[in-house]
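Here is run-v9.txt, consisting of compact mmCIF, C-alpha atoms:
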# COMPACT_ATOMS: atom_id res chain seq x y z
CA MET A 114 189.68 -18.56 -133.44
CA PRO A 115 191.73 -21.10 -131.48
CA SER A 116 192.52 -24.42 -133.09
CA LEU A 117 190.63 -27.58 -132.21
CA LYS A 118 193.65 -29.06 -130.52
CA ALA A 119 194.11 -26.04 -128.24
CA LEU A 120 190.42 -26.13 -127.27
CA ARG A 121 190.62 -29.83 -126.49
CA GLY A 122 193.60 -29.15 -124.26
CA ARG A 123 191.78 -26.44 -122.35
CA ILE A 124 188.67 -28.56 -121.86
CA ASN A 125 190.79 -31.35 -120.42
CA SER A 126 192.64 -29.05 -118.07
CA VAL A 127 189.43 -27.48 -116.76
CA LYS A 128 188.00 -30.97 -116.29
CA SER A 129 190.90 -32.00 -114.11
CA THR A 130 190.61 -28.76 -112.14
CA ARG A 131 186.99 -29.62 -111.52
CA LYS A 132 187.96 -33.05 -110.27
CA ILE A 133 190.39 -31.52 -107.80
CA THR A 134 187.98 -28.91 -106.48
CA GLN A 135 185.27 -31.52 -106.14
CA ALA A 136 187.56 -33.77 -104.13
CA MET A 137 188.60 -30.84 -101.94
CA LYS A 138 184.96 -30.04 -101.33
CA MET A 139 184.26 -33.58 -100.16
CA VAL A 140 187.27 -33.57 -97.88
CA ALA A 141 186.29 -30.20 -96.43
CA ALA A 142 182.74 -31.44 -95.82
CA ALA A 143 184.00 -34.48 -93.93
CA LYS A 144 186.42 -32.41 -91.88
CA LEU A 145 183.77 -29.81 -91.23
CA ARG A 146 181.57 -32.39 -89.61
CA ARG A 147 184.39 -33.47 -87.35
CA ALA A 148 185.35 -29.89 -86.47
CA GLN A 149 181.73 -29.07 -85.73
CA THR A 150 181.28 -31.96 -83.31
CA GLN A 151 184.53 -31.04 -81.63
CA ALA A 152 183.31 -27.48 -81.19
CA GLU A 153 180.00 -28.72 -79.81
CA GLN A 154 181.66 -31.05 -77.36
CA ALA A 155 183.74 -28.24 -75.97
CA ARG A 156 180.68 -26.13 -75.26
CA PRO A 157 179.47 -27.67 -71.95
CA TYR A 158 182.79 -27.02 -70.26
CA ALA A 159 182.89 -23.40 -71.38
CA GLU A 160 179.32 -22.83 -70.21
CA ARG A 161 179.88 -24.25 -66.77
CA MET A 162 183.14 -22.44 -66.40
CA ALA A 163 181.42 -19.15 -67.22
CA ARG A 164 178.84 -19.89 -64.53
CA MET A 165 181.49 -20.53 -61.92
CA LEU A 166 183.53 -17.52 -62.94
CA ALA A 167 180.49 -15.29 -62.70
CA SER A 168 179.78 -16.30 -59.12
CA LEU A 169 183.43 -16.06 -58.07
CA GLY A 170 184.32 -12.95 -59.98
CA ALA A 171 181.44 -10.97 -58.54
CA SER A 172 182.63 -11.64 -55.01
CA VAL A 173 186.26 -10.71 -55.66
CA ALA A 174 186.13 -7.98 -58.31
CA GLY A 175 185.55 -5.22 -55.76
CA SER A 176 188.59 -5.91 -53.63
CA PRO A 177 191.74 -3.84 -54.28
CA ASP A 178 194.08 -6.83 -54.66
CA ALA A 179 191.95 -8.60 -57.24
CA PRO A 180 194.10 -10.56 -59.71
CA ARG A 181 195.36 -8.68 -62.74
CA MET A 182 193.89 -11.16 -65.12
CA LEU A 183 190.44 -10.25 -63.88
CA VAL A 184 190.65 -6.49 -63.62
CA GLY A 185 193.58 -5.69 -65.94
CA THR A 186 196.46 -3.39 -65.13
CA GLY A 187 194.20 -0.40 -64.75
CA ALA A 188 195.79 1.32 -67.74
CA ASP A 189 194.60 1.32 -71.33
CA LYS A 190 197.77 2.12 -73.27
CA VAL A 191 199.08 -1.07 -74.82
CA HIS A 192 196.72 -3.39 -76.64
CA LEU A 193 197.52 -6.96 -77.52
CA LEU A 194 195.50 -8.41 -80.36
CA VAL A 195 195.46 -12.16 -80.77
CA VAL A 196 194.46 -12.77 -84.38
CA VAL A 197 193.31 -16.28 -85.18
CA THR A 198 193.32 -17.41 -88.80
CA ALA A 199 193.66 -20.68 -90.66
CA ASP A 200 196.95 -22.21 -91.72
CA ARG A 201 195.86 -22.88 -95.24
CA GLY A 202 194.18 -20.97 -97.99
CA LEU A 203 191.75 -21.90 -100.75
CA ALA A 204 188.86 -21.05 -98.51
CA GLY A 205 187.32 -18.02 -100.16
CA PRO A 206 187.42 -14.80 -98.18
CA PHE A 207 187.87 -16.57 -94.84
CA ASN A 208 191.37 -15.43 -93.94
CA THR A 209 191.15 -12.05 -95.65
CA ASN A 210 188.05 -11.18 -93.64
CA VAL A 211 189.78 -11.59 -90.29
CA GLY A 212 192.87 -9.91 -91.67
CA ARG A 213 190.90 -6.89 -92.80
CA PHE A 214 189.00 -6.81 -89.52
CA ALA A 215 192.30 -6.82 -87.62
CA ARG A 216 193.76 -4.15 -89.88
CA ASN A 217 190.82 -1.82 -89.24
CA ARG A 218 191.09 -2.46 -85.53
CA ILE A 219 194.82 -1.73 -85.48
CA ARG A 220 194.34 1.51 -87.43
CA ALA A 221 191.51 2.61 -85.13
CA LEU A 222 193.54 1.92 -82.00
CA GLU A 223 196.55 3.72 -83.37
CA ALA A 224 194.43 6.71 -84.26
CA GLU A 225 193.54 6.88 -80.57
CA GLY A 226 197.23 7.01 -79.75
CA LYS A 227 197.48 3.48 -78.34
CA THR A 228 200.33 1.07 -78.83
CA VAL A 229 199.31 -2.14 -80.57
CA LYS A 230 200.97 -5.54 -80.42
CA VAL A 231 199.86 -8.49 -82.49
CA LEU A 232 200.13 -12.16 -81.65
CA SER A 233 199.24 -14.09 -84.73
CA VAL A 234 197.83 -17.60 -84.61
CA GLY A 235 197.73 -19.35 -87.97
CA ARG A 236 200.01 -19.00 -90.93
CA LYS A 237 197.74 -17.09 -93.29
CA GLY A 238 197.04 -14.24 -90.94
CA ALA A 239 200.72 -13.93 -90.15
CA THR A 240 201.69 -13.39 -93.78
CA PHE A 241 198.89 -10.90 -94.29
CA LEU A 242 199.66 -8.82 -91.21
CA LYS A 243 203.41 -9.03 -91.58
CA ARG A 244 203.16 -7.26 -94.89
CA GLU A 245 201.22 -4.36 -93.45
CA PHE A 246 202.39 -4.13 -89.85
CA PRO A 247 205.83 -5.74 -89.67
CA ARG A 248 206.75 -3.98 -86.45
CA HIS A 249 203.60 -4.81 -84.52
CA ILE A 250 203.97 -8.58 -84.59
CA VAL A 251 205.31 -9.93 -81.33
CA GLY A 252 204.81 -13.60 -82.05
CA GLU A 253 203.51 -16.16 -84.47
CA ILE A 254 202.02 -19.52 -83.71
CA SER A 255 201.04 -22.04 -86.32
CA PHE A 256 199.56 -25.51 -86.13
CA MET A 257 200.76 -26.50 -89.56
CA GLY A 258 200.86 -30.25 -89.97
CA LYS A 259 198.72 -30.92 -86.92
CA LYS A 260 195.80 -33.23 -87.49
CA ARG A 261 193.63 -32.14 -84.62
CA ILE A 262 193.71 -29.13 -82.38
CA GLY A 263 193.84 -30.19 -78.77
CA PHE A 264 193.28 -28.32 -75.57
CA GLU A 265 196.99 -28.33 -74.84
CA ASP A 266 197.59 -26.16 -77.92
CA ALA A 267 195.18 -23.57 -76.58
CA ALA A 268 196.77 -23.84 -73.14
CA MET A 269 200.13 -23.11 -74.74
CA ILE A 270 198.81 -19.89 -76.29
CA ALA A 271 197.13 -18.91 -73.04
CA GLU A 272 200.36 -19.44 -71.17
CA ARG A 273 202.13 -17.15 -73.58
CA ILE A 274 199.52 -14.46 -73.01
CA THR A 275 199.84 -14.92 -69.25
CA ASP A 276 203.61 -14.56 -69.42
CA MET A 277 203.27 -11.34 -71.36
CA LEU A 278 200.76 -10.04 -68.85
CA GLU A 279 203.06 -10.81 -65.96
CA ALA A 280 205.92 -9.08 -67.71
CA GLY A 281 203.66 -6.04 -68.07
CA GLU A 282 203.86 -6.05 -71.85
CA PHE A 283 200.25 -5.06 -72.43
CA ASP A 284 197.18 -3.68 -70.66
CA VAL A 285 194.27 -4.97 -72.69
CA CYS A 286 194.07 -8.23 -74.59
CA THR A 287 191.54 -8.88 -77.33
CA LEU A 288 190.96 -12.01 -79.35
CA LEU A 289 189.98 -11.65 -83.01
CA TYR A 290 188.63 -14.68 -84.83
CA ASN A 291 185.99 -15.92 -87.22
CA ARG A 292 182.91 -16.98 -85.32
CA PHE A 293 181.22 -19.97 -86.85
CA GLN A 294 177.64 -18.89 -87.35
CA SER A 295 176.66 -21.42 -89.96
CA VAL A 296 178.35 -23.34 -92.73
CA ILE A 297 177.95 -20.40 -95.08
CA THR A 298 178.51 -17.49 -92.70
CA GLN A 299 181.51 -16.83 -90.54
CA VAL A 300 181.56 -13.53 -88.74
CA PRO A 301 184.82 -11.84 -87.77
CA THR A 302 184.40 -11.25 -84.04
CA ASP A 303 186.37 -9.57 -81.31
CA GLN A 304 186.31 -10.76 -77.76
CA ARG A 305 188.02 -9.13 -74.82
CA LEU A 306 190.10 -11.53 -72.74
CA ILE A 307 191.86 -9.27 -70.25
CA PRO A 308 190.39 -7.62 -68.24
CA ALA A 309 187.92 -10.48 -68.11
CA PRO A 310 184.41 -9.37 -69.00
CA LEU A 311 182.17 -10.32 -66.11
CA PRO A 312 178.60 -11.18 -66.95
CA GLU A 313 176.18 -8.88 -65.19
CA ALA A 314 174.93 -10.86 -62.24
CA SER A 315 171.20 -10.51 -61.84
CA GLU A 316 169.58 -9.98 -58.44
CA ALA A 317 168.44 -13.55 -58.13
CA ALA A 318 171.85 -14.90 -59.05
CA SER A 319 173.64 -12.76 -56.51
CA ASP A 320 171.36 -14.07 -53.77
CA GLN A 321 172.34 -17.57 -54.68
CA GLN A 322 176.04 -16.77 -54.87
CA ALA A 323 176.19 -15.73 -51.28
CA LEU A 324 175.43 -19.32 -50.33
CA TYR A 325 178.51 -20.93 -51.83
CA GLU A 326 181.28 -22.12 -49.62
CA TYR A 327 184.74 -21.96 -51.08
CA GLU A 328 187.55 -24.37 -50.47
CA PRO A 329 190.28 -23.06 -50.63
CA ALA A 330 189.51 -19.32 -50.40
CA GLU A 331 187.96 -17.41 -53.32
CA GLU A 332 191.23 -15.75 -54.29
CA GLU A 333 193.06 -19.03 -54.54
CA ILE A 334 190.39 -20.67 -56.65
CA LEU A 335 190.29 -17.63 -58.84
CA ALA A 336 194.05 -17.74 -59.31
CA THR A 337 193.73 -21.14 -60.95
CA LEU A 338 190.35 -20.56 -62.56
CA LEU A 339 191.34 -17.46 -64.50
CA PRO A 340 194.22 -18.95 -66.51
CA ARG A 341 191.97 -21.92 -67.25
CA ASN A 342 189.25 -19.63 -68.44
CA LEU A 343 191.70 -17.85 -70.70
CA ALA A 344 192.77 -21.17 -72.21
CA ILE A 345 189.16 -22.17 -72.69
CA GLN A 346 188.30 -18.97 -74.51
CA VAL A 347 191.30 -19.44 -76.79
CA TYR A 348 190.39 -23.08 -77.30
CA ARG A 349 186.88 -22.14 -78.30
CA ALA A 350 188.16 -19.56 -80.75
CA LEU A 351 190.51 -22.13 -82.27
CA LEU A 352 187.72 -24.64 -82.71
CA GLU A 353 185.32 -22.09 -84.16
CA ASN A 354 188.04 -20.92 -86.47
CA ASN A 355 188.68 -24.49 -87.53
CA ALA A 356 185.02 -25.27 -88.18
CA GLY A 357 184.57 -21.97 -89.99
CA PHE A 358 187.60 -22.64 -92.14
CA TYR A 359 186.24 -25.93 -93.40
CA GLY A 360 182.80 -24.43 -93.92
CA SER A 361 184.29 -21.63 -95.94
CA GLN A 362 186.54 -23.96 -97.88
CA MET A 363 183.64 -26.24 -98.68
CA ASN A 364 181.72 -23.28 -100.03
CA ALA A 365 184.61 -21.93 -102.03
CA MET A 366 185.26 -25.33 -103.55
CA ASP A 367 181.59 -25.81 -104.34
CA ASN A 368 181.62 -22.52 -106.23
CA ALA A 369 184.82 -23.43 -107.99
CA THR A 370 183.36 -26.77 -109.06
CA ARG A 371 180.28 -25.05 -110.40
CA ASN A 372 182.33 -22.44 -112.26
CA ALA A 373 184.50 -25.13 -113.76
CA GLY A 374 181.33 -26.89 -114.98
CA GLU A 375 180.13 -23.71 -116.66
CA MET A 376 183.52 -23.18 -118.21
CA ILE A 377 183.50 -26.72 -119.59
CA ASN A 378 180.08 -26.17 -121.15
CA LYS A 379 181.19 -22.96 -122.78
CA LEU A 380 184.38 -24.47 -124.09
CA THR A 381 182.59 -27.57 -125.39
CA LEU A 382 180.12 -25.38 -127.25
CA ASN A 383 182.98 -23.42 -128.71
CA TYR A 384 184.78 -26.63 -129.62
CA ASN A 385 181.76 -28.05 -131.44
CA ARG A 386 181.11 -24.82 -133.29
CA THR A 387 184.69 -24.69 -134.48
CA ARG A 388 184.56 -28.32 -135.53
CA GLN A 389 181.33 -27.70 -137.43
CA ALA A 390 182.79 -24.59 -139.08
CA ASN A 391 185.81 -26.58 -140.20
CA ILE A 392 183.65 -29.32 -141.72
CA THR A 393 181.49 -26.77 -143.54
CA LYS A 394 184.58 -25.03 -144.83
CA GLU A 395 185.99 -28.29 -146.16
CA LEU A 396 182.68 -29.21 -147.79
CA ILE A 397 182.51 -25.83 -149.53
CA GLU A 398 186.04 -26.32 -150.79
CA ILE A 399 185.25 -29.80 -152.15
CA ILE A 400 181.99 -28.75 -153.77
CA SER A 401 183.40 -25.60 -155.35
CA GLY A 402 186.36 -27.65 -156.54
CA ALA A 403 184.03 -30.24 -158.13
CA GLU A 404 181.97 -27.49 -159.81
CA ALA A 405 185.02 -25.89 -161.33
CA VAL A 406 185.97 -29.11 -163.12
CA MET B 60 168.48 -43.70 -51.88
CA ALA B 61 168.21 -40.13 -53.07
CA THR B 62 170.17 -39.30 -56.18
CA PHE B 63 171.66 -36.16 -57.68
CA GLN B 64 172.91 -35.14 -61.09
CA LEU B 65 176.63 -35.70 -61.58
CA GLU B 66 178.29 -34.02 -64.52
CA LEU B 67 181.88 -34.57 -65.48
CA VAL B 68 183.22 -32.36 -68.25
CA SER B 69 186.68 -31.99 -69.69
CA PRO B 70 187.55 -29.17 -72.13
CA GLU B 71 187.28 -31.66 -74.95
CA LYS B 72 183.97 -33.26 -74.11
CA LEU B 73 181.17 -34.10 -71.70
CA LEU B 74 182.17 -37.41 -70.16
CA LEU B 75 179.37 -38.17 -67.79
CA SER B 76 175.99 -36.76 -66.99
CA ARG B 77 173.60 -38.87 -65.01
CA GLN B 78 171.85 -39.44 -61.72
CA VAL B 79 174.07 -41.03 -59.08
CA GLU B 80 173.88 -41.75 -55.35
CA MET B 81 177.30 -40.67 -54.28
CA ALA B 82 180.49 -39.33 -55.78
CA VAL B 83 183.83 -39.09 -54.01
CA ILE B 84 185.91 -36.31 -55.50
CA PRO B 85 189.58 -35.53 -54.80
CA ALA B 86 189.27 -31.95 -53.54
CA ALA B 87 192.47 -29.98 -52.99
CA GLU B 88 192.10 -30.15 -49.22
CA GLY B 89 191.10 -33.79 -48.95
CA GLU B 90 188.71 -36.27 -50.50
CA MET B 91 185.12 -35.19 -50.40
CA GLY B 92 182.06 -37.42 -50.57
CA VAL B 93 179.08 -35.74 -52.23
CA LEU B 94 175.55 -36.95 -51.58
CA ALA B 95 172.25 -35.48 -52.66
CA GLY B 96 171.44 -32.30 -50.74
CA HIS B 97 175.05 -31.30 -50.16
CA ALA B 98 175.66 -27.69 -49.15
CA PRO B 99 176.63 -25.47 -52.10
CA MET B 100 180.39 -25.35 -52.55
CA ILE B 101 183.04 -24.50 -55.08
CA VAL B 102 186.27 -26.40 -54.66
CA THR B 103 189.49 -26.96 -56.58
CA LEU B 104 190.63 -30.50 -57.31
CA ARG B 105 194.00 -32.16 -57.20
CA GLY B 106 195.01 -35.14 -59.30
CA GLY B 107 193.09 -38.20 -58.16
CA VAL B 108 190.26 -40.60 -58.78
CA ILE B 109 186.55 -39.79 -58.80
CA ARG B 110 184.49 -42.72 -57.54
CA VAL B 111 180.87 -42.91 -58.55
CA THR B 112 178.42 -44.95 -56.48
CA GLU B 113 175.07 -46.21 -57.69
CA ASN B 114 172.81 -48.69 -55.90
CA GLY B 115 175.37 -49.04 -53.14
CA GLN B 116 178.16 -50.10 -55.47
CA VAL B 117 181.08 -48.28 -57.05
CA THR B 118 180.18 -48.25 -60.75
CA ASP B 119 182.70 -45.88 -62.25
CA ARG B 120 186.19 -44.76 -61.42
CA LEU B 121 187.71 -41.91 -63.37
CA PHE B 122 191.08 -40.29 -63.02
CA VAL B 123 191.20 -36.48 -63.16
CA ALA B 124 194.41 -34.48 -63.35
CA GLY B 125 193.00 -31.49 -61.50
CA GLY B 126 190.25 -28.96 -62.04
CA PHE B 127 187.23 -27.55 -60.24
CA ALA B 128 183.94 -28.74 -58.88
CA GLU B 129 180.73 -26.93 -58.18
CA VAL B 130 178.37 -28.59 -55.77
CA THR B 131 174.74 -27.63 -55.18
CA PRO B 132 172.04 -29.64 -53.39
CA GLU B 133 170.74 -31.11 -56.63
CA ARG B 134 173.82 -31.14 -58.81
CA CYS B 135 177.56 -31.68 -58.83
CA THR B 136 179.56 -30.36 -61.78
CA VAL B 137 183.16 -31.39 -62.13
CA LEU B 138 185.30 -29.38 -64.53
CA ALA B 139 188.31 -31.61 -65.03
CA ASP B 140 191.52 -30.52 -66.73
CA GLU B 141 191.69 -33.97 -68.15
CA ALA B 142 189.68 -37.07 -67.33
CA THR B 143 190.20 -40.74 -68.17
CA PRO B 144 188.42 -43.86 -66.96
CA VAL B 145 190.82 -45.69 -64.65
CA THR B 146 190.67 -48.86 -66.75
CA GLU B 147 192.17 -46.97 -69.69
CA LEU B 148 195.17 -45.72 -67.76
CA SER B 149 198.50 -47.33 -68.46
CA ARG B 150 201.48 -47.61 -66.18
CA ALA B 151 203.93 -46.63 -68.89
CA ASP B 152 202.06 -43.38 -69.59
CA ALA B 153 201.94 -42.53 -65.93
CA GLU B 154 205.64 -43.21 -65.49
CA ALA B 155 206.52 -41.07 -68.50
CA ARG B 156 204.41 -38.32 -67.05
CA ILE B 157 206.14 -38.53 -63.69
CA ARG B 158 209.50 -38.21 -65.41
CA ASP B 159 208.30 -35.12 -67.31
CA ALA B 160 206.88 -33.57 -64.18
CA GLU B 161 210.05 -34.24 -62.22
CA ALA B 162 212.11 -32.58 -64.91
CA ASP B 163 209.75 -29.59 -64.91
CA TYR B 164 209.90 -29.35 -61.16
CA ALA B 165 213.69 -29.43 -61.20
CA ALA B 166 213.71 -26.72 -63.85
CA ALA B 167 211.29 -24.59 -61.85
CA SER B 168 213.34 -24.74 -58.63
CA ASP B 169 214.55 -21.16 -58.99
CA ASP B 170 211.37 -19.80 -60.54
CA THR B 171 208.59 -17.91 -58.76
CA PRO B 172 206.79 -19.69 -55.93
CA GLU B 173 203.60 -19.92 -58.04
CA ARG B 174 205.45 -21.70 -60.82
CA ARG B 175 206.99 -24.08 -58.33
CA ASP B 176 203.60 -24.84 -56.83
CA ALA B 177 202.16 -25.49 -60.26
CA ALA B 178 205.01 -27.86 -61.11
CA MET B 179 204.56 -29.62 -57.78
CA ALA B 180 200.83 -30.03 -58.37
CA LYS B 181 201.59 -31.56 -61.75
CA LEU B 182 204.04 -33.99 -60.20
CA LEU B 183 201.55 -35.01 -57.52
CA ALA B 184 198.86 -35.49 -60.17
CA ALA B 185 201.23 -37.70 -62.16
CA ARG B 186 201.95 -39.80 -59.06
CA ALA B 187 198.25 -40.12 -58.35
CA MET B 188 197.83 -41.30 -61.93
CA LEU B 189 200.40 -44.03 -61.40
CA ASP B 190 198.70 -45.15 -58.19
CA ALA B 191 195.36 -45.25 -59.97
CA ALA B 192 196.85 -47.21 -62.86
CA GLU B 193 198.36 -49.74 -60.49
CA ALA B 194 195.18 -50.14 -58.49
CA ALA B 195 193.10 -50.80 -61.61
With the file now loaded, output its structure as structure tokens.
Amino acid sequence: MPSLKALRGRINSVKSTRKITQAMKMVAAAKLRRAQTQAEQARPYAERMARMLASLGASVAGSPDAPRMLVGTGADKVHLLVVVTADRGLAGPFNTNVGRFARNRIRALEAEGKTVKVLSVGRKGATFLKREFPRHIVGEISFMGKKRIGFEDAAMIAERITDMLEAGEFDVCTLLYNRFQSVITQVPTDQRLIPAPLPEASEAASDQQALYEYEPAEEEILATLLPRNLAIQVYRALLENNAGFYGSQMNAMDNATRNAGEMINKLTLNYNRTRQANITKELIEIISGAEAV
Amino acid sequence: MATFQLELVSPEKLLLSRQVEMAVIPAAEGEMGVLAGHAPMIVTLRGGVIRVTENGQVTDRLFVAGGFAEVTPERCTVLADEATPVTELSRADAEARIRDAEADYAAASDDTPERRDAAMAKLLAARAMLDAAEAA
């Protein structure tokens, strides 16, 4: 049985742990709200861009000189996976989930005889994947120390992907990230970026498309629209990842706070029992001593 | 006068969404005035100022650094790369941006033609920003 002093020490240390996790939970909740509004504000742009891309893409996709970013290189040999994770830990299974998802994907692709390259966004995913697939990583990007993720960060990543595409370094590009479903659930999701997935245009929509006039020509608009669209998709993934991270961290910290509370109760009970046992023992000693006299 | 729905969105947020009488947008091939009932069009934008007219008066002036616009008879959606109300522009920012763009353009002089065009567009947008800042 541990001494009273040791128990007191443990209770105090668990109490301060609880204080820290509670504070982290509050911070995560505040940041979550901000991240969520940021993600919501980015939505209108993405929606309207998808609408425009659908009407443009449908009219160009058939032509033989359609841009590579829309139709891909035609091959299916080299896959580039862009894995988005958080830069920090202490968020429950958040980073591990994407990491595991990416690992399964890489194994599956390799089993099919494809070459896989990984571009890692976020520090945690990089360390995880580097351990398992050191030769697959072609680049790492981290936003460590950045307060707020801006569109220019996403544009930077998109530019890097575009450069690789132009250099012919991959055929298919997929984005892997945690989709923010709700505060408690984040789903690891994959989304194909190149070739761009075109939404199936319905009959009614295609009637309407024919009416648009383009200035300049479709191809030229598409040449600027596609890189933008790529950046937007990346931006959305970054924001969802960010919101999901704080949601997950808030949850993890809530659990930790609760566990610390339970631990404190258990230890306090133990402490009181030991104290009581000590007193009883002393009393017995005194009484038996007095009787012996 | 008849009105239509004008929406101005940047990647970071929805800046404007309301009924207006007229909007003048800086399309890549020249300024374009949009009224209600305009023929459907999709255009690219260059750097410039969007002027919004309500009740016969210019009520809002916003600088955009480029982007796209979709026009239909009842709606005009502007997808701006970046949008700021003209009153919030500052000369110093615009000048710094011109310097950056000039440096980029100089660096891109022996790059591919597409790169050069992109650098040029950025420089022109930066100049338009300075003009807008001075006019405000």
If you count all atoms listed in the file, which residues fall within 10 Å of stretch 182-189 of chain B, apart from same-chain ones fewer than 4 positions away, as an mmCIF file with C-alpha atoms, in the coordinates of the input?
data_model
loop_
_atom_site.group_PDB
_atom_site.id
_atom_site.type_symbol
_atom_site.label_atom_id
_atom_site.label_comp_id
_atom_site.auth_asym_id
_atom_site.auth_seq_id
_atom_site.Cartn_x
_atom_site.Cartn_y
_atom_site.Cartn_z
ATOM 1 C CA ARG B 105 194.000 -32.160 -57.200
ATOM 2 C CA GLY B 106 195.010 -35.140 -59.300
ATOM 3 C CA GLY B 107 193.090 -38.200 -58.160
ATOM 4 C CA VAL B 108 190.260 -40.600 -58.780
ATOM 5 C CA PHE B 122 191.080 -40.290 -63.020
ATOM 6 C CA VAL B 123 191.200 -36.480 -63.160
ATOM 7 C CA ALA B 124 194.410 -34.480 -63.350
ATOM 8 C CA GLY B 125 193.000 -31.490 -61.500
ATOM 9 C CA THR B 143 190.200 -40.740 -68.170
ATOM 10 C CA VAL B 145 190.820 -45.690 -64.650
ATOM 11 C CA LEU B 148 195.170 -45.720 -67.760
ATOM 12 C CA SER B 149 198.500 -47.330 -68.460
ATOM 13 C CA ARG B 150 201.480 -47.610 -66.180
ATOM 14 C CA ALA B 151 203.930 -46.630 -68.890
ATOM 15 C CA ASP B 152 202.060 -43.380 -69.590
ATOM 16 C CA ALA B 153 201.940 -42.530 -65.930
ATOM 17 C CA GLU B 154 205.640 -43.210 -65.490
ATOM 18 C CA ALA B 155 206.520 -41.070 -68.500
ATOM 19 C CA ARG B 156 204.410 -38.320 -67.050
ATOM 20 C CA ILE B 157 206.140 -38.530 -63.690
ATOM 21 C CA ARG B 158 209.500 -38.210 -65.410
ATOM 22 C CA ASP B 159 208.300 -35.120 -67.310
ATOM 23 C CA ALA B 160 206.880 -33.570 -64.180
ATOM 24 C CA GLU B 161 210.050 -34.240 -62.220
ATOM 25 C CA ALA B 162 212.110 -32.580 -64.910
ATOM 26 C CA ASP B 163 209.750 -29.590 -64.910
ATOM 27 C CA TYR B 164 209.900 -29.350 -61.160
ATOM 28 C CA ASP B 176 203.600 -24.840 -56.830
ATOM 29 C CA ALA B 177 202.160 -25.490 -60.260
ATOM 30 C CA ALA B 178 205.010 -27.860 -61.110
ATOM 31 C CA GLU B 193 198.360 -49.740 -60.490
ATOM 32 C CA ALA B 194 195.180 -50.140 -58.490
ATOM 33 C CA ALA B 195 193.100 -50.800 -61.610
#
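Nearest residue to chain A among B:Ala191, B:Leu65, B:Leu94, B:Val137 is B:Val137, counting all atoms listed in the file.
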Have a look at atom CA of B:Leu67 and atom CA of A:Leu145 and let me know their distance in Å, one decimal.
26.3 Å
What residues in chain B have any atom no more than 12 Å from chain A when counting only C-alpha atoms, and can you write them as a ChimeraX atom specification?
/B:66-76,86-91,97-105,125-132,135-141,171,173-174,176-177,180
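Straight-line separation from atom CA of A:Gly360 to atom CA of A:Ser295: 7.9 Å.
Between atom CA of A:Asn342 and atom CA of B:Asp190 there is a distance of 29.1 Å.
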Please return as a count of residues only every residue within 8 Å of (182.6, -45.3, -67.1), taking into account only C-alpha atoms and the file's own coordinates.
6
Is it possible to dump stretch 119-156 of chain B as a PDB file, in the first residue's frame, including just C-alpha atoms?
ATOM      1  CA  ASP B 119     -20.540  50.118 -54.128  1.00  0.00           C
ATOM      2  CA  ARG B 120     -17.143  49.901 -55.702  1.00  0.00           C
ATOM      3  CA  LEU B 121     -15.074  46.786 -55.163  1.00  0.00           C
ATOM      4  CA  PHE B 122     -11.666  45.908 -56.475  1.00  0.00           C
ATOM      5  CA  VAL B 123     -11.173  42.376 -57.820  1.00  0.00           C
ATOM      6  CA  ALA B 124      -7.802  40.928 -58.758  1.00  0.00           C
ATOM      7  CA  GLY B 125      -9.203  38.651 -61.451  1.00  0.00           C
ATOM      8  CA  GLY B 126     -11.588  35.732 -61.607  1.00  0.00           C
ATOM      9  CA  PHE B 127     -14.704  34.653 -63.477  1.00  0.00           C
ATOM     10  CA  ALA B 128     -18.262  35.771 -63.897  1.00  0.00           C
ATOM     11  CA  GLU B 129     -21.365  33.893 -64.879  1.00  0.00           C
ATOM     12  CA  VAL B 130     -24.219  35.960 -66.204  1.00  0.00           C
ATOM     13  CA  THR B 131     -27.786  34.771 -66.704  1.00  0.00           C
ATOM     14  CA  PRO B 132     -30.906  36.876 -67.285  1.00  0.00           C
ATOM     15  CA  GLU B 133     -31.819  36.858 -63.605  1.00  0.00           C
ATOM     16  CA  ARG B 134     -28.450  36.541 -61.936  1.00  0.00           C
ATOM     17  CA  CYS B 135     -24.815  37.570 -62.117  1.00  0.00           C
ATOM     18  CA  THR B 136     -22.268  35.563 -60.139  1.00  0.00           C
ATOM     19  CA  VAL B 137     -18.764  36.902 -59.823  1.00  0.00           C
ATOM     20  CA  LEU B 138     -16.099  34.489 -58.629  1.00  0.00           C
ATOM     21  CA  ALA B 139     -13.275  36.797 -57.646  1.00  0.00           C
ATOM     22  CA  ASP B 140      -9.751  35.639 -56.854  1.00  0.00           C
ATOM     23  CA  GLU B 141      -9.677  38.315 -54.255  1.00  0.00           C
ATOM     24  CA  ALA B 142     -12.070  41.176 -53.598  1.00  0.00           C
ATOM     25  CA  THR B 143     -11.768  44.317 -51.480  1.00  0.00           C
ATOM     26  CA  PRO B 144     -13.992  47.370 -51.208  1.00  0.00           C
ATOM     27  CA  VAL B 145     -12.168  50.249 -52.890  1.00  0.00           C
ATOM     28  CA  THR B 146     -12.283  52.369 -49.736  1.00  0.00           C
ATOM     29  CA  GLU B 147     -10.169  49.774 -47.930  1.00  0.00           C
ATOM     30  CA  LEU B 148      -7.399  49.763 -50.504  1.00  0.00           C
ATOM     31  CA  SER B 149      -4.168  51.475 -49.617  1.00  0.00           C
ATOM     32  CA  ARG B 150      -1.622  52.990 -51.926  1.00  0.00           C
ATOM     33  CA  ALA B 151       1.305  51.455 -50.090  1.00  0.00           C
ATOM     34  CA  ASP B 152      -0.126  47.946 -50.479  1.00  0.00           C
ATOM     35  CA  ALA B 153      -0.741  48.477 -54.152  1.00  0.00           C
ATOM     36  CA  GLU B 154       2.765  49.800 -54.706  1.00  0.00           C
ATOM     37  CA  ALA B 155       4.300  46.867 -52.855  1.00  0.00           C
ATOM     38  CA  ARG B 156       2.257  44.559 -54.997  1.00  0.00           C
TER      39      ARG B 156
END
